[in-house]
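Structure file work15.csv (CSV, C-alpha atoms) is printed below.
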chain,number,residue,atom,x,y,z
M,987,MET,CA,0.0,0.0,0.0
M,988,ASP,CA,1.3,3.5,-0.8
M,989,ARG,CA,2.3,5.6,2.1
M,990,GLN,CA,1.0,9.1,2.5
M,991,ASP,CA,3.4,11.8,3.6
M,992,THR,CA,2.5,14.4,6.2
M,993,ASP,CA,4.2,16.7,8.6
M,994,ILE,CA,2.2,15.7,11.7
M,995,LEU,CA,0.0,12.7,12.6
M,996,ILE,CA,-2.2,13.4,15.6
M,997,SER,CA,-3.7,10.4,17.4
M,998,GLY,CA,-6.8,11.5,19.2
M,999,GLY,CA,-9.9,13.6,18.1
M,1000,GLY,CA,-11.1,14.8,21.5
M,1001,VAL,CA,-11.0,18.5,22.5
M,1002,ALA,CA,-7.2,18.3,22.9
M,1003,GLY,CA,-6.5,16.6,19.6
M,1004,LEU,CA,-8.9,18.8,17.6
M,1005,THR,CA,-7.3,21.9,19.1
M,1006,ALA,CA,-3.8,20.6,18.2
M,1007,ALA,CA,-5.0,19.9,14.6
M,1008,ALA,CA,-6.5,23.4,14.2
M,1009,ALA,CA,-3.4,25.1,15.7
M,1010,PHE,CA,-0.8,23.2,13.6
M,1011,GLY,CA,-3.0,23.3,10.5
M,1012,SER,CA,-3.5,27.1,10.9
M,1013,ALA,CA,0.3,27.5,11.2
M,1014,GLY,CA,0.7,25.9,7.8
M,1015,PHE,CA,1.8,22.3,8.8
M,1016,ARG,CA,0.2,19.4,6.9
M,1017,VAL,CA,-1.8,17.4,9.5
M,1018,ILE,CA,-3.6,14.1,9.6
M,1019,CYS,CA,-5.8,13.7,12.7
M,1020,VAL,CA,-7.3,10.3,13.5
M,1021,ASP,CA,-9.7,9.0,16.1
M,1022,PRO,CA,-11.6,5.7,16.2
M,1023,ALA,CA,-14.7,7.3,17.5
M,1024,PRO,CA,-16.4,10.0,15.4
M,1025,PRO,CA,-17.0,13.1,17.5
M,1026,VAL,CA,-20.5,13.6,18.9
M,1027,THR,CA,-21.4,17.2,18.1
M,1028,GLU,CA,-25.0,17.5,19.2
M,1029,GLU,CA,-26.1,17.9,22.8
M,1030,GLY,CA,-28.9,15.4,22.6
M,1031,ALA,CA,-27.1,12.7,20.7
M,1032,ALA,CA,-26.1,9.4,22.3
M,1033,GLY,CA,-22.6,9.6,23.6
M,1034,ALA,CA,-22.5,13.4,23.8
M,1035,ASP,CA,-19.9,14.7,26.3
M,1036,LEU,CA,-22.0,16.9,28.6
M,1037,ARG,CA,-19.1,17.9,30.7
M,1038,THR,CA,-17.7,21.5,30.4
M,1039,THR,CA,-14.2,22.9,30.0
M,1040,ALA,CA,-13.0,26.1,31.5
M,1041,PHE,CA,-10.4,27.8,29.3
M,1042,LEU,CA,-8.1,30.0,31.4
M,1043,GLN,CA,-6.6,33.3,30.0
M,1044,PRO,CA,-3.5,31.8,28.4
M,1045,ALA,CA,-5.6,29.2,26.5
M,1046,ARG,CA,-7.4,32.0,24.6
M,1047,ASP,CA,-4.1,32.9,22.9
M,1048,LEU,CA,-3.7,29.4,21.5
M,1049,LEU,CA,-7.4,29.3,20.5
M,1050,ASP,CA,-6.9,32.6,18.6
M,1051,ARG,CA,-3.8,31.2,16.8
M,1052,ALA,CA,-5.9,28.1,15.9
M,1053,GLY,CA,-8.7,30.2,14.4
M,1054,LEU,CA,-11.1,28.9,17.1
M,1055,TRP,CA,-11.7,31.7,19.5
M,1056,ASP,CA,-14.0,33.8,17.3
M,1057,ARG,CA,-16.1,30.6,16.8
M,1058,LEU,CA,-16.3,29.8,20.5
M,1059,ALA,CA,-16.6,33.3,22.1
M,1060,PRO,CA,-20.4,33.6,21.5
M,1061,PHE,CA,-21.1,30.5,23.5
M,1062,ALA,CA,-18.6,31.1,26.4
M,1063,ALA,CA,-19.6,32.1,29.9
M,1064,PRO,CA,-16.9,34.3,31.5
M,1065,LEU,CA,-15.4,33.3,34.9
M,1066,GLN,CA,-14.8,36.5,36.7
M,1067,VAL,CA,-14.6,35.3,40.3
M,1068,MET,CA,-13.3,32.1,41.8
M,1069,ARG,CA,-15.2,31.6,45.1
M,1070,ILE,CA,-13.9,29.1,47.6
M,1071,VAL,CA,-16.4,27.9,50.3
M,1072,ASP,CA,-15.6,25.7,53.2
M,1073,ALA,CA,-18.7,23.9,54.4
M,1074,GLY,CA,-16.9,21.3,56.5
M,1075,GLY,CA,-18.8,21.8,59.8
M,1076,GLU,CA,-21.3,19.5,61.3
M,1077,VAL,CA,-23.9,20.6,58.7
M,1078,SER,CA,-23.5,21.6,55.1
M,1079,GLU,CA,-23.4,25.4,55.6
M,1080,PRO,CA,-20.7,27.9,54.6
M,1081,ARG,CA,-18.1,28.4,57.4
M,1082,VAL,CA,-15.6,30.4,55.3
M,1083,THR,CA,-16.3,32.1,51.9
M,1084,ARG,CA,-13.5,33.9,50.0
M,1085,ASP,CA,-13.6,35.4,46.5
M,1086,PHE,CA,-10.6,35.5,44.2
M,1087,ASN,CA,-11.5,38.2,41.7
M,1088,ALA,CA,-9.7,38.4,38.3
M,1089,ALA,CA,-9.9,42.2,38.5
M,1090,ASP,CA,-7.1,42.0,41.1
M,1091,ILE,CA,-4.6,40.8,38.5
M,1092,SER,CA,-6.1,41.4,35.1
M,1093,ASP,CA,-8.6,43.4,32.9
M,1094,ALA,CA,-10.0,40.1,31.6
M,1095,PRO,CA,-11.8,37.2,33.4
M,1096,PHE,CA,-9.9,34.2,34.7
M,1097,GLY,CA,-11.3,32.3,31.8
M,1098,TRP,CA,-14.4,31.1,30.0
M,1099,ASN,CA,-16.6,28.0,30.3
M,1100,LEU,CA,-17.9,26.0,27.4
M,1101,SER,CA,-19.7,22.7,26.9
M,1102,ASN,CA,-17.5,19.9,25.5
M,1103,TRP,CA,-20.0,18.7,22.9
M,1104,LEU,CA,-20.1,22.3,21.6
M,1105,LEU,CA,-16.4,22.5,21.5
M,1106,ARG,CA,-16.2,19.5,19.3
M,1107,ARG,CA,-18.9,20.9,17.0
M,1108,GLU,CA,-17.0,24.2,16.5
M,1109,MET,CA,-13.6,22.6,16.3
M,1110,VAL,CA,-14.6,20.1,13.6
M,1111,ALA,CA,-16.2,22.9,11.6
M,1112,ARG,CA,-12.9,24.8,11.9
M,1113,LEU,CA,-10.9,21.8,10.6
M,1114,GLY,CA,-13.3,21.7,7.6
M,1115,GLU,CA,-12.0,25.2,6.7
M,1116,LEU,CA,-8.3,24.2,6.6
M,1117,ASP,CA,-6.9,22.6,3.5
M,1118,THR,CA,-3.9,21.6,5.5
M,1119,VAL,CA,-5.8,19.3,7.8
M,1120,ASP,CA,-7.2,15.8,7.0
M,1121,PHE,CA,-9.5,14.7,9.8
M,1122,ARG,CA,-10.3,11.0,9.7
M,1123,ALA,CA,-13.1,10.3,12.1
M,1124,GLY,CA,-13.7,6.6,12.7
M,1125,VAL,CA,-10.1,5.7,12.0
M,1126,GLY,CA,-7.6,5.0,14.8
M,1127,PHE,CA,-3.9,4.4,15.5
M,1128,LYS,CA,-2.8,0.8,15.1
M,1129,SER,CA,1.0,0.7,15.3
M,1130,LEU,CA,4.2,2.8,15.0
M,1131,LEU,CA,7.7,2.3,13.8
M,1132,THR,CA,10.1,5.2,14.3
M,1133,ARG,CA,13.5,6.0,12.8
M,1134,GLU,CA,15.8,8.9,13.4
M,1135,GLY,CA,14.3,10.8,10.4
M,1136,GLU,CA,10.6,9.8,10.4
M,1137,ALA,CA,7.8,7.9,12.0
M,1138,LEU,CA,5.8,5.2,10.1
M,1139,VAL,CA,2.3,4.9,11.4
M,1140,THR,CA,-0.2,2.2,10.5
M,1141,LEU,CA,-3.9,3.1,11.0
M,1142,SER,CA,-6.8,0.9,11.9
M,1143,ASP,CA,-8.1,0.9,8.3
M,1144,GLY,CA,-4.7,-0.4,7.0
M,1145,ALA,CA,-3.5,3.0,5.7
M,1146,GLN,CA,0.1,3.9,6.3
M,1147,VAL,CA,1.4,7.4,7.0
M,1148,ARG,CA,4.9,8.7,7.0
M,1149,ALA,CA,5.2,11.7,9.4
M,1150,ARG,CA,7.9,13.9,10.8
M,1151,LEU,CA,6.1,14.2,14.1
M,1152,VAL,CA,3.5,12.1,15.9
M,1153,ILE,CA,1.5,13.8,18.6
M,1154,ALA,CA,-0.2,11.5,21.1
M,1155,ALA,CA,-3.4,13.2,22.2
M,1156,ASP,CA,-5.2,9.9,22.7
M,1157,GLY,CA,-6.1,9.9,26.3
M,1158,ARG,CA,-5.0,8.5,29.7
M,1159,ASP,CA,-4.6,5.0,28.2
M,1160,SER,CA,-2.8,6.4,25.2
M,1161,PRO,CA,-2.1,3.7,22.5
M,1162,VAL,CA,0.8,5.8,21.1
M,1163,ARG,CA,2.4,6.1,24.6
M,1164,HIS,CA,2.2,2.3,25.0
M,1165,ALA,CA,3.7,1.8,21.6
M,1166,VAL,CA,6.8,3.8,22.5
M,1167,GLY,CA,7.1,2.2,25.9
M,1168,ILE,CA,6.7,5.3,28.1
M,1169,ASP,CA,5.6,4.4,31.7
M,1170,VAL,CA,3.2,6.4,33.9
M,1171,LYS,CA,2.8,6.9,37.6
M,1172,THR,CA,-0.9,6.7,38.6
M,1173,THR,CA,-2.6,7.7,41.9
M,1174,ARG,CA,-6.1,6.5,42.6
M,1175,TYR,CA,-8.2,8.3,45.2
M,1176,GLY,CA,-11.2,6.1,45.5
M,1177,GLN,CA,-13.2,9.0,44.1
M,1178,LYS,CA,-15.6,9.5,41.2
M,1179,ALA,CA,-17.0,12.7,39.8
M,1180,VAL,CA,-20.7,13.1,39.0
M,1181,THR,CA,-21.1,15.7,36.3
M,1182,PHE,CA,-24.3,17.4,35.2
M,1183,ALA,CA,-25.9,20.8,34.5
M,1184,VAL,CA,-28.4,22.6,36.6
M,1185,THR,CA,-30.6,25.7,36.4
M,1186,HIS,CA,-31.3,27.8,39.5
M,1187,ASP,CA,-33.2,31.0,40.5
M,1188,ALA,CA,-30.3,33.1,41.7
M,1189,PRO,CA,-27.9,34.5,39.0
M,1190,HIS,CA,-24.3,33.1,39.1
M,1191,ASP,CA,-22.9,36.5,38.2
M,1192,ASN,CA,-20.0,34.8,36.4
M,1193,VAL,CA,-18.8,33.3,39.7
M,1194,SER,CA,-17.3,29.8,39.7
M,1195,THR,CA,-17.9,28.3,43.2
M,1196,GLU,CA,-16.0,25.4,44.8
M,1197,VAL,CA,-17.8,24.1,48.0
M,1198,HIS,CA,-15.5,22.0,50.1
M,1199,ARG,CA,-16.8,19.2,52.3
M,1200,THR,CA,-15.8,15.6,53.1
M,1201,GLY,CA,-15.4,13.5,49.9
M,1202,GLY,CA,-14.2,16.3,47.6
M,1203,PRO,CA,-15.4,19.6,46.2
M,1204,PHE,CA,-18.8,20.4,44.7
M,1205,THR,CA,-18.0,22.9,41.9
M,1206,LEU,CA,-20.6,25.1,40.1
M,1207,VAL,CA,-19.2,26.7,36.9
M,1208,PRO,CA,-21.2,29.4,35.0
M,1209,LEU,CA,-22.9,28.5,31.7
M,1210,PRO,CA,-25.0,30.8,29.5
M,1211,ASP,CA,-28.6,31.0,30.5
M,1212,LEU,CA,-30.9,28.0,29.6
M,1213,ASP,CA,-34.5,28.8,28.6
M,1214,GLY,CA,-34.2,32.1,30.4
M,1215,LYS,CA,-32.9,30.7,33.6
M,1216,PRO,CA,-29.4,31.0,35.1
M,1217,CYS,CA,-27.4,27.8,34.4
M,1218,SER,CA,-24.3,26.2,35.8
M,1219,ALA,CA,-22.2,23.1,35.1
M,1220,VAL,CA,-21.5,21.0,38.2
M,1221,VAL,CA,-18.7,18.6,39.1
M,1222,TRP,CA,-19.5,16.8,42.3
M,1223,MET,CA,-16.6,14.7,43.6
M,1224,GLU,CA,-17.3,12.0,46.1
M,1225,HIS,CA,-16.0,8.6,47.3
M,1226,GLY,CA,-16.8,6.0,44.7
M,1227,PRO,CA,-19.8,4.2,46.3
M,1228,ALA,CA,-21.4,7.5,47.3
M,1229,ALA,CA,-21.0,8.8,43.7
M,1230,GLN,CA,-22.6,5.7,42.3
M,1231,ARG,CA,-25.5,6.1,44.8
M,1232,LEU,CA,-26.0,9.7,43.8
M,1233,ALA,CA,-26.1,8.8,40.1
M,1234,ALA,CA,-28.8,6.2,40.6
M,1235,LEU,CA,-31.2,8.5,42.6
M,1236,ASP,CA,-34.4,9.6,41.0
M,1237,THR,CA,-34.5,13.2,39.8
M,1238,ALA,CA,-36.3,14.7,42.8
M,1239,ALA,CA,-34.1,13.0,45.4
M,1240,PHE,CA,-30.9,13.9,43.5
M,1241,GLU,CA,-31.9,17.5,43.2
M,1242,ALA,CA,-32.6,17.7,46.9
M,1243,GLU,CA,-29.2,16.2,47.7
M,1244,ALA,CA,-27.4,18.4,45.2
M,1245,THR,CA,-29.1,21.5,46.7
M,1246,ALA,CA,-28.0,20.5,50.2
M,1247,ARG,CA,-24.5,19.8,49.1
M,1248,SER,CA,-24.2,23.2,47.4
M,1249,ALA,CA,-24.7,24.8,50.8
M,1250,GLY,CA,-27.6,26.8,49.3
M,1251,THR,CA,-25.3,28.7,46.9
M,1252,TYR,CA,-28.0,29.5,44.4
M,1253,GLY,CA,-31.1,28.2,46.0
M,1254,PRO,CA,-32.9,25.0,44.7
M,1255,LEU,CA,-31.0,23.3,41.9
M,1256,THR,CA,-33.0,21.8,39.0
M,1257,LEU,CA,-31.3,19.1,36.9
M,1258,ALA,CA,-30.9,20.2,33.3
M,1259,SER,CA,-28.9,17.3,31.8
M,1260,ARG,CA,-28.3,13.7,32.3
M,1261,ARG,CA,-25.7,12.6,34.9
M,1262,MET,CA,-22.3,11.2,34.0
M,1263,VAL,CA,-19.8,9.5,36.3
M,1264,TRP,CA,-16.0,9.7,35.9
M,1265,PRO,CA,-13.2,8.1,37.9
M,1266,ILE,CA,-10.8,10.5,39.5
M,1267,ILE,CA,-7.0,9.8,39.2
M,1268,SER,CA,-3.7,11.6,39.0
M,1269,GLN,CA,-1.3,10.4,36.4
M,1270,ARG,CA,1.9,11.6,34.7
M,1271,ALA,CA,4.1,10.1,32.1
M,1272,ASP,CA,7.8,9.5,32.9
M,1273,ARG,CA,8.7,11.4,29.8
M,1274,MET,CA,6.8,13.6,27.4
M,1275,SER,CA,8.7,12.7,24.3
M,1276,ALA,CA,10.3,9.7,22.5
M,1277,GLU,CA,11.8,9.4,19.0
M,1278,ARG,CA,9.6,11.4,16.7
M,1279,VAL,CA,6.8,11.4,19.3
M,1280,ALA,CA,5.4,14.1,21.6
M,1281,LEU,CA,2.9,13.3,24.4
M,1282,VAL,CA,0.3,16.0,25.1
M,1283,ALA,CA,-2.8,16.3,27.3
M,1284,GLU,CA,-4.1,13.2,29.1
M,1285,ALA,CA,-1.5,11.0,27.3
M,1286,ALA,CA,1.0,12.9,29.4
M,1287,HIS,CA,-0.8,14.0,32.5
M,1288,VAL,CA,-4.2,13.6,34.3
M,1289,VAL,CA,-5.3,15.6,37.3
M,1290,PRO,CA,-8.5,15.8,39.4
M,1291,PRO,CA,-10.9,18.5,38.2
M,1292,ILE,CA,-9.8,21.2,40.6
M,1293,GLY,CA,-8.9,24.8,39.6
M,1294,ALA,CA,-9.5,24.2,35.9
M,1295,GLN,CA,-6.0,22.9,35.5
M,1296,GLY,CA,-6.5,19.8,33.3
M,1297,LEU,CA,-7.1,21.0,29.8
M,1298,ASN,CA,-5.2,24.2,30.4
M,1299,MET,CA,-2.1,22.2,31.2
M,1300,SER,CA,-2.8,20.4,27.9
M,1301,LEU,CA,-3.0,23.6,25.9
M,1302,ALA,CA,0.2,24.8,27.5
M,1303,ASP,CA,1.8,21.6,26.1
M,1304,MET,CA,0.5,22.4,22.6
M,1305,THR,CA,1.6,26.1,22.8
M,1306,CYS,CA,5.1,25.0,23.8
M,1307,LEU,CA,5.2,22.3,21.0
M,1308,LEU,CA,3.8,24.7,18.4
M,1309,ASP,CA,6.4,27.4,19.3
M,1310,LEU,CA,9.2,24.9,19.0
M,1311,ALA,CA,7.9,23.6,15.7
M,1312,LEU,CA,7.8,27.1,14.3
M,1313,GLU,CA,11.3,27.8,15.5
M,1314,ARG,CA,12.6,24.5,13.9
M,1315,ARG,CA,10.2,24.1,11.0
M,1316,ALA,CA,13.0,22.5,8.8
M,1317,ASP,CA,13.8,20.1,11.6
M,1318,LEU,CA,10.3,19.3,12.8
M,1319,GLY,CA,10.2,16.4,15.2
M,1320,ASP,CA,13.9,15.9,15.5
M,1321,ARG,CA,15.6,14.9,18.7
M,1322,LYS,CA,16.7,18.4,19.6
M,1323,MET,CA,13.2,19.7,19.3
M,1324,LEU,CA,11.6,17.0,21.3
M,1325,ASP,CA,14.2,17.0,24.0
M,1326,ALA,CA,13.6,20.7,24.4
M,1327,TYR,CA,9.8,20.1,24.6
M,1328,HIS,CA,10.3,17.5,27.4
M,1329,ALA,CA,12.8,19.8,29.2
M,1330,ARG,CA,10.4,22.8,29.1
M,1331,ARG,CA,7.1,21.0,30.0
M,1332,HIS,CA,7.9,18.0,32.2
M,1333,PRO,CA,9.1,19.9,35.3
M,1334,GLU,CA,6.1,22.2,35.2
M,1335,VAL,CA,3.7,19.2,34.7
M,1336,VAL,CA,5.3,17.4,37.7
M,1337,LEU,CA,4.8,20.4,39.9
M,1338,ARG,CA,1.2,21.0,38.9
M,1339,VAL,CA,0.2,17.3,39.2
M,1340,LYS,CA,1.7,17.4,42.8
M,1341,GLY,CA,-0.1,20.6,43.5
M,1342,VAL,CA,-3.5,19.5,42.4
M,1343,ASP,CA,-3.0,16.2,44.2
M,1344,ALA,CA,-2.3,18.1,47.5
M,1345,LEU,CA,-5.5,20.2,46.9
M,1346,ASN,CA,-7.6,17.2,46.3
M,1347,ARG,CA,-6.3,15.4,49.4
M,1348,ALA,CA,-7.1,18.5,51.4
M,1349,SER,CA,-10.6,18.6,49.9
M,1350,ILE,CA,-11.3,15.0,50.8
M,1351,ALA,CA,-10.4,15.5,54.5
M,1352,GLY,CA,-13.1,14.0,56.8
M,1353,SER,CA,-11.8,14.4,60.4
M,1354,PRO,CA,-13.0,17.5,62.2
M,1355,MET,CA,-9.3,18.6,62.9
M,1356,LEU,CA,-8.4,18.3,59.2
M,1357,ARG,CA,-11.6,20.1,58.1
M,1358,ASP,CA,-10.8,22.9,60.5
M,1359,LEU,CA,-7.2,23.1,59.1
M,1360,ARG,CA,-8.6,23.4,55.6
M,1361,ALA,CA,-10.9,26.3,56.6
M,1362,LYS,CA,-8.0,28.1,58.3
M,1363,GLY,CA,-5.9,27.5,55.3
M,1364,ILE,CA,-8.4,29.2,53.0
M,1365,GLU,CA,-8.6,32.2,55.3
M,1366,ALA,CA,-4.8,32.4,55.5
M,1367,LEU,CA,-4.3,32.2,51.7
M,1368,TYR,CA,-6.8,34.9,51.2
M,1369,SER,CA,-5.7,37.3,53.9
M,1370,VAL,CA,-2.2,38.0,52.5
M,1371,ALA,CA,-2.8,40.1,49.3
M,1372,PRO,CA,0.6,39.5,47.6
M,1373,LEU,CA,0.2,35.7,48.2
M,1374,ARG,CA,-3.4,35.8,47.0
M,1375,LYS,CA,-2.4,37.5,43.8
M,1376,THR,CA,0.6,35.2,43.2
M,1377,LEU,CA,-1.7,32.1,43.7
M,1378,MET,CA,-4.1,33.5,41.2
M,1379,GLN,CA,-1.3,34.2,38.6
M,1380,MET,CA,0.0,30.6,39.2
M,1381,GLY,CA,-3.5,29.3,38.7
M,1382,LEU,CA,-3.5,30.9,35.3
M,1383,GLY,CA,-0.2,29.3,34.4
M,1384,ALA,CA,2.2,32.1,35.2
M,1385,LYS,CA,5.6,31.1,36.6
M,1386,GLY,CA,6.7,34.5,37.9
M,1387,HIS,CA,6.0,35.8,41.3
M,1388,ASN,CA,5.4,39.5,40.6
M,1389,THR,CA,2.2,40.9,42.2

Please express what this file holds, its structure, as structure tokens.
Amino acid sequence: MDRQDTDILISGGGVAGLTAAAAFGSAGFRVICVDPAPPVTEEGAAGADLRTTAFLQPARDLLDRAGLWDRLAPFAAPLQVMRIVDAGGEVSEPRVTRDFNAADISDAPFGWNLSNWLLRREMVARLGELDTVDFRAGVGFKSLLTREGEALVTLSDGAQVRARLVIAADGRDSPVRHAVGIDVKTTRYGQKAVTFAVTHDAPHDNVSTEVHRTGGPFTLVPLPDLDGKPCSAVVWMEHGPAAQRLAALDTAAFEAEATARSAGTYGPLTLASRRMVWPIISQRADRMSAERVALVAEAAHVVPPIGAQGLNMSLADMTCLLDLALERRADLGDRKMLDAYHARRHPEVVLRVKGVDALNRASIAGSPMLRDLRAKGIEALYSVAPLRKTLMQMGLGAKGHNT
């Protein structure tokens, strides 16, 4: 069979892989993007991903470069305030509430929240505008042979592709990562996340709220209004058996428990989507590159859904990789480029995975003493203005410590 030549082969057609395809294609690289599962781009269709993704400020720059931001902006709900609530007392009522306002460090919001199914719809439409991108939905990665000067990829339909660079954006159990023999370190918490959308009477005022109580945070993230009512996406982290019990409740019982767990943040919550359950883990790859291969997104790192760090770490991977590719266009995918990618991204990934791990362990705390320490910690972090601003900047991905 004839081999097709391309600059970049991307394995994975989720939000990360589609973003990478749009970004590299917009920069003039020839891209083939494959995924065994065609993307579900309608909210009501079977298999639609009803979770949401919060893009933080630095992510918007990459989305702009990819020709995506103008498509996404009309559907995005801004995140102006990050509110941390500790409700770890005897009853689920706020004991400590502190607001981290983006206005303290920026003229723009912290970020913007969008539904995952909608992201896929707009991203697939953008790829259709790019002559440089060949998106093959329903075709997956099968095997890989790398040499110093190229990678030879066999796809699930038997097609063969010769690429200068292979980007693994194919998830936490990445077939490409397995093919190049990179190991991962995985931490399991015994938690699951129940994800869903709700409407409520009180406006969210572009405030993203994390309510901390035993089992993990209950996070409400702003969405655009639904049928004239304020709407929020919810990620409810709990111990595994408790999460399964919640997912199985009838609607009325679930709404009552969700309202109680929210510590009355917006009044009664009304379920506005089906519920989905996801396992919570931390994971990081030992390396982020191999010969002619770069790992990005969940192929390289997975974190619990706290502080909107997951996809934003992924987009930082892609920004770094794209910048290196543009610097070394003639030597795309060579050892020097990929060693530089690993050296720039891996230490940052290690620190952020450890940081989110620590936050998650603190949020799980069940003993009264640990709950009290968590509440005092929130107050202490907020009360020192320079520290508060530095933490907000670090949350956006900044490495500096200027306030």

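Among the candidates M:Pro1265, M:Pro1216, M:Gly1144, M:Pro1044, the one nearest to Arg989 in chain M when counting only C-alpha atoms is M:Gly1144.
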
Coordinates-based distance that separates CA of Ala1242 in chain M from CA of Glu1028 in chain M (Å, one decimal): 28.7 Å

Atom pair CA of Val1166 in chain M + CA of Glu1277 in chain M, distance 8.3 Å

Min atom-atom distance to Gly999 in chain M from the set M:Asp1021, M:Glu1029, M:Glu1313, M:Asp1325, counting only C-alpha atoms, belongs to M:Asp1021

For Gly1000 in chain M, which residue out of M:Arg1315, M:Arg1107, M:Arg1112, M:Arg1150 is the nearest one, using only C-alpha atoms? M:Arg1107

Dig up all the protein and nucleic acid residues within 10 Å of (-0.1, 0.2, 13.5) in the file frame, using only C-alpha atoms, and format them as a ChimeraX atom specification. /M:1126-1131,1138-1147,1161-1162,1165

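Among the candidate residues M:Thr1173, M:Thr1181, M:Gln1066, M:Ser1012, the one lying nearest to Ala1229 in chain M is M:Thr1181, with distances computed using all atoms listed in the file.
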
Determine, counting all atoms listed in the file, which protein, DNA and RNA residues have an atom within 12 Å of an atom of Leu1337 in chain M; residues of the same chain fewer than 2 positions away are not included. Present the result as number ranges by chain. M: 1270, 1287, 1289, 1295, 1299, 1331-1335, 1339-1344, 1380, 1383, 1385

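Nearest residue to Gln1177 in chain M among M:Val1263, M:Ala1123, M:Leu1206, M:Ala1155 is M:Val1263, counting all atoms listed in the file.
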
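Taking CA of Gly1296 in chain M as the reference point, CA of Val1152 in chain M is found at 21.5 Å.
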